[in-house]
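Shown here: final_18.cif, mmCIF, C-alpha atoms.
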```cif
data_upload
#
loop_
_atom_site.label_atom_id
_atom_site.label_comp_id
_atom_site.auth_asym_id
_atom_site.auth_seq_id
_atom_site.Cartn_x
_atom_site.Cartn_y
_atom_site.Cartn_z
CA MET A 1 129.30 61.95 169.16
CA ARG A 2 128.60 59.58 172.05
CA GLN A 3 131.59 60.90 173.96
CA LYS A 4 130.42 64.47 173.40
CA SER A 5 126.92 63.81 174.71
CA ARG A 6 128.41 62.02 177.73
CA ASP A 7 130.51 65.05 178.55
CA TYR A 8 127.51 67.36 178.44
CA LYS A 9 125.38 65.33 180.88
CA PRO A 10 126.65 67.25 183.94
CA VAL A 11 125.69 70.46 182.14
CA THR A 12 122.07 69.37 181.91
CA ALA A 13 122.02 68.30 185.53
CA ALA A 14 123.59 71.52 186.69
CA ARG A 15 121.14 73.60 184.70
CA THR A 16 118.14 72.08 186.49
CA ARG A 17 119.30 73.12 189.94
CA THR A 18 117.36 75.89 191.61
CA SER A 19 120.23 77.56 193.58
CA GLY A 20 123.02 79.30 191.71
CA ILE A 21 121.81 78.11 188.32
CA ASP A 22 123.55 80.78 186.23
CA LEU A 23 126.90 80.51 187.99
CA VAL A 24 127.06 76.71 187.93
CA TRP A 25 125.89 76.65 184.32
CA THR A 26 128.60 79.07 183.24
CA VAL A 27 131.39 77.26 185.10
CA VAL A 28 130.42 73.81 183.87
CA CYS A 29 129.97 74.98 180.29
CA CYS A 30 133.37 76.63 180.24
CA HIS A 31 135.00 73.54 181.71
CA SER A 32 133.29 71.27 179.20
CA LEU A 33 134.28 73.49 176.30
CA ILE A 34 137.90 73.59 177.44
CA MET A 35 138.00 69.81 177.80
CA ALA A 36 136.40 69.42 174.38
CA ALA A 37 138.95 71.81 172.84
CA GLU A 38 141.84 69.92 174.45
CA GLY A 39 140.46 66.60 173.27
CA ASP A 40 140.01 67.91 169.75
CA PHE A 41 143.54 69.31 169.78
CA LEU A 42 145.07 66.00 170.85
CA THR A 43 143.08 64.07 168.26
CA ARG A 44 144.13 66.33 165.40
CA TYR A 45 147.73 66.50 166.63
CA ARG A 46 147.99 62.72 166.71
CA ALA A 47 146.36 62.42 163.30
CA VAL A 48 148.94 64.73 161.75
CA SER A 49 151.80 63.04 163.62
CA ASN A 50 150.72 59.63 162.31
CA LYS A 51 151.22 60.91 158.77
CA LEU A 52 154.93 61.32 159.51
CA LYS A 53 155.46 57.67 160.41
CA LYS A 54 157.55 55.70 157.96
CA ARG A 55 155.68 52.97 156.13
CA PHE A 56 156.82 50.28 153.76
CA LEU A 57 157.40 51.66 150.23
CA ARG A 58 155.78 54.94 151.21
CA LYS A 59 157.50 58.23 151.93
CA PRO A 60 155.74 60.56 154.42
CA ASN A 61 154.53 63.90 153.14
CA VAL A 62 156.44 66.19 155.52
CA ALA A 63 155.45 69.40 153.73
CA GLU A 64 151.75 68.67 154.13
CA ALA A 65 152.23 67.79 157.80
CA SER A 66 154.09 71.05 158.40
CA GLU A 67 151.27 73.03 156.81
CA GLN A 68 148.67 71.23 158.94
CA PHE A 69 150.67 71.86 162.11
CA GLY A 70 150.80 75.54 161.22
CA GLN A 71 147.06 75.71 160.62
CA LEU A 72 146.38 73.98 163.94
CA ALA A 73 148.69 76.44 165.72
CA LYS A 74 146.75 79.40 164.27
CA GLU A 75 143.43 77.97 165.43
CA LEU A 76 144.74 77.29 168.94
CA LYS A 77 146.18 80.80 169.14
CA GLN A 78 142.77 82.24 168.28
CA GLN A 79 141.27 80.12 171.06
CA ASP A 80 143.86 81.56 173.50
CA CYS A 81 145.52 78.15 174.00
CA LEU A 82 149.01 79.60 173.71
CA GLN A 83 151.04 76.69 175.07
CA TYR A 84 149.31 74.20 172.74
CA ALA A 85 149.90 76.50 169.80
CA ALA A 86 153.58 76.66 170.78
CA PHE A 87 153.80 72.86 170.74
CA CYS A 88 152.35 72.84 167.23
CA ASN A 89 154.95 75.38 166.14
CA LEU A 90 157.69 73.16 167.57
CA ALA A 91 156.35 70.25 165.52
CA MET A 92 156.30 72.52 162.50
CA ALA A 93 159.95 73.46 163.16
CA ARG A 94 160.93 69.79 163.20
CA CYS A 95 159.20 69.29 159.87
CA GLU A 96 161.02 72.28 158.37
CA GLN A 97 164.31 70.92 159.68
CA THR A 98 163.60 67.62 157.92
CA LEU A 99 162.96 69.56 154.71
CA PHE A 100 166.26 71.49 155.18
CA ASN A 101 164.31 74.76 155.23
CA ALA A 102 166.34 76.81 157.69
CA PRO A 103 164.31 80.06 157.38
CA GLY A 104 161.05 78.19 158.03
CA GLU A 105 162.59 76.39 160.99
CA ALA A 106 163.85 79.64 162.54
CA LEU A 107 160.47 81.32 162.01
CA ALA A 108 158.58 78.42 163.63
CA LEU A 109 160.98 78.37 166.60
CA THR A 110 160.59 82.12 167.06
CA ASP A 111 156.78 81.85 167.03
CA ALA A 112 156.93 79.02 169.56
CA ALA A 113 159.23 81.04 171.83
CA ARG A 114 156.95 84.07 171.75
CA LEU A 115 153.88 81.95 172.50
CA PHE A 116 155.59 80.28 175.46
CA LEU A 117 156.69 83.69 176.71
CA SER A 118 153.16 85.11 176.40
CA SER A 119 151.79 82.13 178.31
CA GLU A 120 154.32 82.73 181.08
CA LYS A 121 153.36 86.40 181.29
CA GLU A 122 149.69 85.45 181.58
CA ASN A 123 150.45 83.06 184.42
CA ARG A 124 152.42 85.76 186.22
CA ALA A 125 149.62 88.29 185.72
CA LEU A 126 147.17 85.82 187.25
CA GLN A 127 149.70 85.01 190.01
CA ALA A 128 149.25 81.33 189.25
CA PRO A 129 151.74 78.97 190.94
CA GLY A 130 154.20 77.25 188.68
CA PHE A 131 157.79 76.24 188.07
CA ASP A 132 158.53 78.67 185.19
CA GLU A 133 158.22 75.78 182.75
CA HIS A 134 156.91 78.04 179.98
CA LEU A 135 159.79 80.47 180.52
CA GLN A 136 162.34 77.68 180.27
CA ALA A 137 160.69 76.43 177.08
CA ALA A 138 160.82 79.96 175.64
CA LEU A 139 164.52 80.26 176.52
CA ASN A 140 165.28 76.99 174.73
CA CYS A 141 163.31 77.99 171.65
CA TYR A 142 165.03 81.37 171.49
CA SER A 143 168.44 79.70 171.82
CA PHE A 144 167.75 77.24 168.99
CA ALA A 145 166.40 80.02 166.75
CA ILE A 146 169.52 82.12 167.40
CA LYS A 147 171.74 79.16 166.49
CA VAL A 148 169.83 78.64 163.25
CA TYR A 149 170.24 82.30 162.27
CA ILE A 150 173.96 82.16 163.08
CA GLU A 151 174.32 79.08 160.87
CA MET A 152 172.50 81.00 158.12
CA ASN A 153 175.07 83.81 158.50
CA GLN A 154 172.45 86.31 159.64
CA PRO A 155 173.89 87.81 162.86
CA ILE A 156 171.50 90.78 162.79
CA MET A 157 168.47 88.50 163.12
CA ALA A 158 170.19 86.54 165.88
CA ALA A 159 171.03 89.79 167.70
CA SER A 160 167.42 90.98 167.44
CA LEU A 161 166.21 87.77 169.10
CA SER A 162 168.80 88.17 171.85
CA LEU A 163 167.62 91.73 172.45
CA GLU A 164 163.99 90.59 172.47
CA LEU A 165 164.75 87.93 175.07
CA GLY A 166 166.80 90.34 177.17
CA ASN A 167 164.00 92.91 177.19
CA ALA A 168 161.47 90.24 178.19
CA LEU A 169 163.63 89.06 181.09
CA LYS A 170 164.20 92.65 182.20
CA GLU A 171 160.44 93.30 182.24
CA MET A 172 159.95 90.13 184.30
CA ASN A 173 162.36 91.50 186.94
CA ARG A 174 165.23 89.18 185.96
CA PRO A 175 168.04 91.67 185.14
CA GLY A 176 170.77 89.22 186.12
CA GLU A 177 169.69 86.76 183.43
CA ALA A 178 169.12 89.53 180.90
CA VAL A 179 172.78 90.65 181.10
CA VAL A 180 173.96 87.52 179.26
CA HIS A 181 171.57 88.06 176.34
CA TYR A 182 172.40 91.77 176.02
CA GLN A 183 176.09 90.89 175.94
CA ARG A 184 175.47 88.28 173.25
CA ALA A 185 173.52 90.81 171.21
CA ALA A 186 176.39 93.30 171.46
CA GLU A 187 178.85 90.65 170.29
CA LEU A 188 176.65 89.83 167.29
CA GLN A 189 176.34 93.53 166.35
CA THR A 190 180.03 94.17 165.78
CA GLN A 191 179.34 95.38 162.24
CA ASN A 192 176.98 98.06 163.57
CA PRO A 193 178.76 100.01 166.35
CA VAL A 194 175.77 102.16 167.33
CA GLU A 195 173.48 99.18 167.88
CA ALA A 196 176.23 97.36 169.76
CA LEU A 197 176.70 100.38 172.04
CA LEU A 198 172.97 100.54 172.75
CA SER A 199 172.99 96.86 173.71
CA MET A 200 175.95 97.48 175.98
CA GLY A 201 174.04 100.36 177.58
CA GLU A 202 171.18 97.99 178.40
CA MET A 203 173.72 95.57 179.84
CA ALA A 204 175.15 98.29 182.08
CA THR A 205 171.65 99.21 183.25
CA CYS A 206 170.98 95.60 184.25
CA LYS A 207 174.27 95.48 186.14
CA ILE A 208 173.25 98.57 188.08
CA LEU A 209 169.89 96.96 188.89
CA THR A 210 171.74 93.94 190.27
CA ARG A 211 174.06 96.30 192.24
CA ASP A 212 177.13 95.26 190.26
CA TYR A 213 178.48 98.80 190.15
CA ASP A 214 182.05 97.79 189.32
CA GLY A 215 180.80 95.80 186.34
CA ALA A 216 178.65 98.71 185.16
CA LEU A 217 181.64 101.05 185.40
CA THR A 218 183.69 98.64 183.31
CA VAL A 219 180.97 98.48 180.65
CA PHE A 220 180.67 102.27 180.42
CA THR A 221 184.45 102.59 180.12
CA GLU A 222 184.50 100.05 177.30
CA MET A 223 181.65 101.89 175.57
CA GLN A 224 183.59 105.16 175.66
CA LEU A 225 186.67 103.48 174.20
CA ILE A 226 184.58 101.99 171.37
CA CYS A 227 183.11 105.40 170.60
CA GLN A 228 186.58 106.95 170.40
CA GLU A 229 188.04 104.14 168.29
CA ARG A 230 185.19 103.26 165.91
CA GLY A 231 183.05 106.39 165.97
CA LEU A 232 182.80 108.99 163.24
CA GLN A 233 185.38 111.72 163.75
CA LEU A 234 186.12 115.09 162.24
CA PRO A 235 189.14 115.25 159.91
CA THR A 236 190.96 117.85 162.01
CA THR A 237 190.17 116.50 165.50
CA ASN A 238 189.80 113.11 167.13
CA ALA A 239 186.49 114.01 168.79
CA PRO A 240 183.52 111.84 167.78
CA VAL A 241 180.51 113.43 166.14
CA GLY A 242 176.82 112.67 165.79
CA ALA A 243 175.33 109.84 167.81
CA PHE A 244 178.78 108.83 169.05
CA LEU A 245 179.23 112.23 170.70
CA ASP A 246 175.96 111.80 172.61
CA LEU A 247 176.96 108.31 173.69
CA VAL A 248 180.35 109.56 174.90
CA ALA A 249 178.66 112.27 176.97
CA LYS A 250 176.27 109.75 178.55
CA CYS A 251 179.13 107.38 179.30
CA GLU A 252 181.21 110.13 180.94
CA ILE A 253 178.30 111.26 183.11
CA SER A 254 177.49 107.70 184.14
CA ARG A 255 181.12 106.96 184.95
CA VAL A 256 181.45 110.05 187.14
CA LEU A 257 178.27 109.21 189.05
CA LEU A 258 179.35 105.60 189.55
CA LEU A 259 182.81 106.66 190.74
CA MET A 260 181.26 109.07 193.24
CA PHE A 261 178.89 106.38 194.45
CA LEU A 262 181.62 103.77 194.81
CA GLU A 263 183.82 106.25 196.67
CA THR A 264 180.95 106.92 199.06
CA LEU A 265 180.45 103.21 199.62
CA PHE A 266 184.15 102.78 200.35
CA ILE A 267 184.51 105.67 202.80
CA HIS A 268 181.16 105.13 204.57
CA PRO A 269 180.37 101.46 204.08
CA ALA A 270 177.31 99.91 205.60
CA PRO A 271 178.18 97.92 208.75
CA SER A 272 177.93 94.18 208.50
CA PRO A 273 175.47 92.36 210.80
CA GLU A 274 178.36 90.86 212.80
CA ALA A 275 180.00 94.25 213.21
CA ALA A 276 176.72 95.85 214.29
CA ALA A 277 176.19 93.13 216.91
CA ARG A 278 179.70 93.61 218.31
CA ALA A 279 179.26 97.38 218.33
CA ARG A 280 176.10 97.05 220.43
CA SER A 281 177.92 94.84 222.92
CA ASP A 282 180.97 97.17 223.17
CA PRO A 283 180.03 100.87 222.59
CA ARG A 284 183.63 102.06 223.04
CA GLU A 285 184.58 100.72 219.62
CA VAL A 286 183.49 101.91 216.20
CA ARG A 287 182.99 99.01 213.85
CA LEU A 288 182.80 99.44 210.10
CA GLY A 289 182.21 96.80 207.43
CA VAL A 290 184.89 97.48 204.84
CA LEU A 291 183.89 96.34 201.37
CA ARG A 292 187.34 95.93 199.86
CA PRO A 293 191.03 95.84 200.88
CA ALA A 294 192.60 99.07 202.09
CA GLN A 295 194.28 101.37 199.60
CA PRO A 296 196.78 104.18 200.15
CA GLY A 297 195.03 107.18 201.63
CA HIS A 298 191.99 105.25 202.82
CA LEU A 299 190.92 103.47 205.97
CA PRO A 300 192.81 100.32 206.98
CA ALA A 301 191.18 96.97 206.34
CA GLY A 302 189.10 95.29 209.02
CA ASP A 303 185.68 95.65 210.54
CA CYS A 304 186.91 96.79 213.98
CA LEU A 305 188.59 100.15 214.48
CA PRO A 306 189.30 101.72 217.88
CA ALA A 307 187.32 104.84 218.65
CA ALA A 308 190.46 106.93 219.05
CA ALA A 309 191.42 106.27 215.41
CA VAL A 310 188.16 107.39 213.85
CA SER A 311 186.47 110.77 214.01
CA GLY A 312 182.79 111.58 213.92
CA ASP A 313 182.73 111.75 210.11
CA GLY A 314 184.39 108.35 209.73
CA LEU A 315 187.85 109.72 208.82
CA PRO A 316 191.09 109.28 210.81
CA GLY A 317 191.89 112.08 213.23
CA LYS A 318 191.07 113.57 216.65
CA ARG A 319 187.99 115.68 216.05
CA HIS A 320 185.58 114.85 218.86
CA ARG A 321 185.36 113.52 222.40
CA ILE A 322 183.86 110.15 223.29
CA PRO A 323 182.29 109.61 226.72
CA GLU A 324 184.19 107.08 228.77
CA VAL A 325 182.58 105.15 231.62
CA SER A 326 184.83 104.53 234.62
CA SER A 327 184.66 101.61 237.05
CA ASN A 328 182.51 103.52 239.56
CA GLY A 329 179.93 104.48 236.92
CA ALA A 330 181.07 108.11 236.47
CA VAL A 331 181.12 109.48 232.94
CA ALA A 332 184.28 111.28 231.83
CA LEU A 333 185.36 112.78 228.53
CA SER A 334 188.57 111.55 226.92
CA LEU A 335 190.24 113.20 223.96
CA SER A 336 190.02 110.89 220.95
#
```
How does this structure look as structure tokens?
Amino acid sequence: MRQKSRDYKPVTAARTRTSGIDLVWTVVCCHSLIMAAEGDFLTRYRAVSNKLKKRFLRKPNVAEASEQFGQLAKELKQQDCLQYAAFCNLAMARCEQTLFNAPGEALALTDAARLFLSSEKENRALQAPGFDEHLQAALNCYSFAIKVYIEMNQPIMAASLSLELGNALKEMNRPGEAVVHYQRAAELQTQNPVEALLSMGEMATCKILTRDYDGALTVFTEMQLICQERGLQLPTTNAPVGAFLDLVAKCEISRVLLLMFLETLFIHPAPSPEAAARARSDPREVRLGVLRPAQPGHLPAGDCLPAAAVSGDGLPGKRHRIPEVSSNGAVALSLS
């Protein structure tokens, strides 16, 4: 009680000021309440943790400690102290692990991961500076929960957590990191082909967002093969039916669009910065940044092609004239 009254002394002093009384009063009260809540949380957390210490001829009551950690986590969640509630859930998961209660451990780890993730989203919404420590904690909690479900021989639950984490990373504009979790979810959903194909579709979408078009094309091709091999088929034909038919159609359309886009990138690639700089210094040469080695029927490899070998549309051939500057400054036209 003495410590509490000492903390509230600045509140009384701030209230007596004549300028900005309401604003200062509100700010100081909120700060004092937050500090009081944190102090109360630490005191109760330490009190419960002390019950788990081993004493001579006395066995700690782990079940009671786990229940108290869970109650403290609920109270902190109601007070919007998400990261502290997540720490209590982690302590609860350790207690459940000691009791060999795998379902309780997985549930506590999942709750902790979701609380850490919500705290990270709040920080991003407020544009608060940080080192993504809450996101890293959420990733670790999700990983441990997935391992527990795999050990319990429940791949569907593990796949659902992988999908949940992938969706969260995708919403946070991290598609490159989400690809790994979507792939893991698809591997865990081998017994359910439709769900596995949907996870692979999300993986292909993330690859397109990261501009990995070759990887996305490979994923769509694999999806179509899975539909043809494991999909429901009519007795007389080998064509898939139902949801598999829709997935095959989407895969074919996506593959055609990706092939057209990759062909466009190959024929008309964007010039590299070095090639653009050399082209500005020597206008008599056409410089193209080739993305991949030359193939039969396409342009030769290299980022420097003479003007006479390339037409106006970027293809080999003599289709236009290029102005040529002579030594005396006169401009002449030479057939390319």
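Separating atom CA of A:Ala108 from atom CA of A:Val148 is a distance of 11.3 Å.
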### Query
Suppose you want the space between atom CA of A:Leu165 and atom CA of A:Ile146; what is it in Å?
10.7 Å
### Query
By how many Å are atom CA of A:Tyr182 and atom CA of A:Ala86 apart?
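Atom CA of A:Tyr182 sits 24.7 Å away from atom CA of A:Ala86.
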### Task
Please write the residues picked by the PyMOL selection byres ((chain A and resi 109-113) around 6) on this file as a ChimeraX atom specification.
/A:86,89,106-108,114-116,138,141-142,145
#### Entry: Selection as a count of residues only: residues within 6 Å of (172.0, 88.9, 167.5), counting only C-alpha atoms
9
### Task
Quick one: everything within 9 Å of A:Ala63, counting only C-alpha atoms, minus sequence neighbours fewer than 3 positions away in the same chain. Send it as an MDAnalysis selection string.
chainID A and resid 60 66:68 95:96 99
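For the residues A:Ser254, A:Leu232, A:Thr190, A:Val179, ranking by smallest atom-to-atom distance to A:Phe220 using all atoms listed in the file places A:Ser254 first.
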### Query
What lies within 8 Å of stretch 208-218 of chain A using all atoms listed in the file, ignoring chain neighbours under 6 positions off, as a ChimeraX atom specification?
/A:175-176,254-255,258-259,262
List the residues matched by the PyMOL selection byres ((chain A and resi 167) around 12) in the displayed structure as a PDB file with C-alpha atoms, in the frame of the given file, ordered by chain and then by residue number.
```
ATOM      1  CA  LEU A 117     156.690  83.690 176.710  1.00  0.00           C
ATOM      2  CA  SER A 160     167.420  90.980 167.440  1.00  0.00           C
ATOM      3  CA  LEU A 161     166.210  87.770 169.100  1.00  0.00           C
ATOM      4  CA  SER A 162     168.800  88.170 171.850  1.00  0.00           C
ATOM      5  CA  LEU A 163     167.620  91.730 172.450  1.00  0.00           C
ATOM      6  CA  GLU A 164     163.990  90.590 172.470  1.00  0.00           C
ATOM      7  CA  LEU A 165     164.750  87.930 175.070  1.00  0.00           C
ATOM      8  CA  GLY A 166     166.800  90.340 177.170  1.00  0.00           C
ATOM      9  CA  ALA A 168     161.470  90.240 178.190  1.00  0.00           C
ATOM     10  CA  LEU A 169     163.630  89.060 181.090  1.00  0.00           C
ATOM     11  CA  LYS A 170     164.200  92.650 182.200  1.00  0.00           C
ATOM     12  CA  GLU A 171     160.440  93.300 182.240  1.00  0.00           C
ATOM     13  CA  MET A 172     159.950  90.130 184.300  1.00  0.00           C
ATOM     14  CA  ASN A 173     162.360  91.500 186.940  1.00  0.00           C
ATOM     15  CA  ARG A 174     165.230  89.180 185.960  1.00  0.00           C
ATOM     16  CA  PRO A 175     168.040  91.670 185.140  1.00  0.00           C
ATOM     17  CA  GLY A 176     170.770  89.220 186.120  1.00  0.00           C
ATOM     18  CA  GLU A 177     169.690  86.760 183.430  1.00  0.00           C
ATOM     19  CA  ALA A 178     169.120  89.530 180.900  1.00  0.00           C
ATOM     20  CA  VAL A 179     172.780  90.650 181.100  1.00  0.00           C
ATOM     21  CA  VAL A 180     173.960  87.520 179.260  1.00  0.00           C
ATOM     22  CA  HIS A 181     171.570  88.060 176.340  1.00  0.00           C
ATOM     23  CA  TYR A 182     172.400  91.770 176.020  1.00  0.00           C
ATOM     24  CA  ALA A 185     173.520  90.810 171.210  1.00  0.00           C
ATOM     25  CA  SER A 199     172.990  96.860 173.710  1.00  0.00           C
ATOM     26  CA  GLU A 202     171.180  97.990 178.400  1.00  0.00           C
ATOM     27  CA  MET A 203     173.720  95.570 179.840  1.00  0.00           C
ATOM     28  CA  THR A 205     171.650  99.210 183.250  1.00  0.00           C
ATOM     29  CA  CYS A 206     170.980  95.600 184.250  1.00  0.00           C
TER      30      CYS A 206
END
```
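Within 12 Å of A:Val62, once only C-alpha atoms are used and residues closer than 4 positions along the same chain are dropped, the contacting residues are Val48, Ser49, Asn50, Lys51, Leu52, Lys53, Lys54, Ser66, Glu67, Gln68, Phe69, Ala91, Met92, Ala93, Arg94, Cys95, Glu96, Gln97, Thr98, Leu99, Phe100 and Asn101 of chain A.
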### Task
Taking the file as shown, find all residues satisfying the PyMOL selection byres ((chain A and resi 240) around 12) and write them as a list in words.
Gln224, Leu225, Ile226, Cys227, Gln228, Glu229, Arg230, Gly231, Leu232, Gln233, Leu234, Pro235, Thr236, Thr237, Asn238, Ala239, Val241, Gly242, Ala243, Phe244, Leu245, Asp246, Leu247, Val248 and Ala249 of chain A
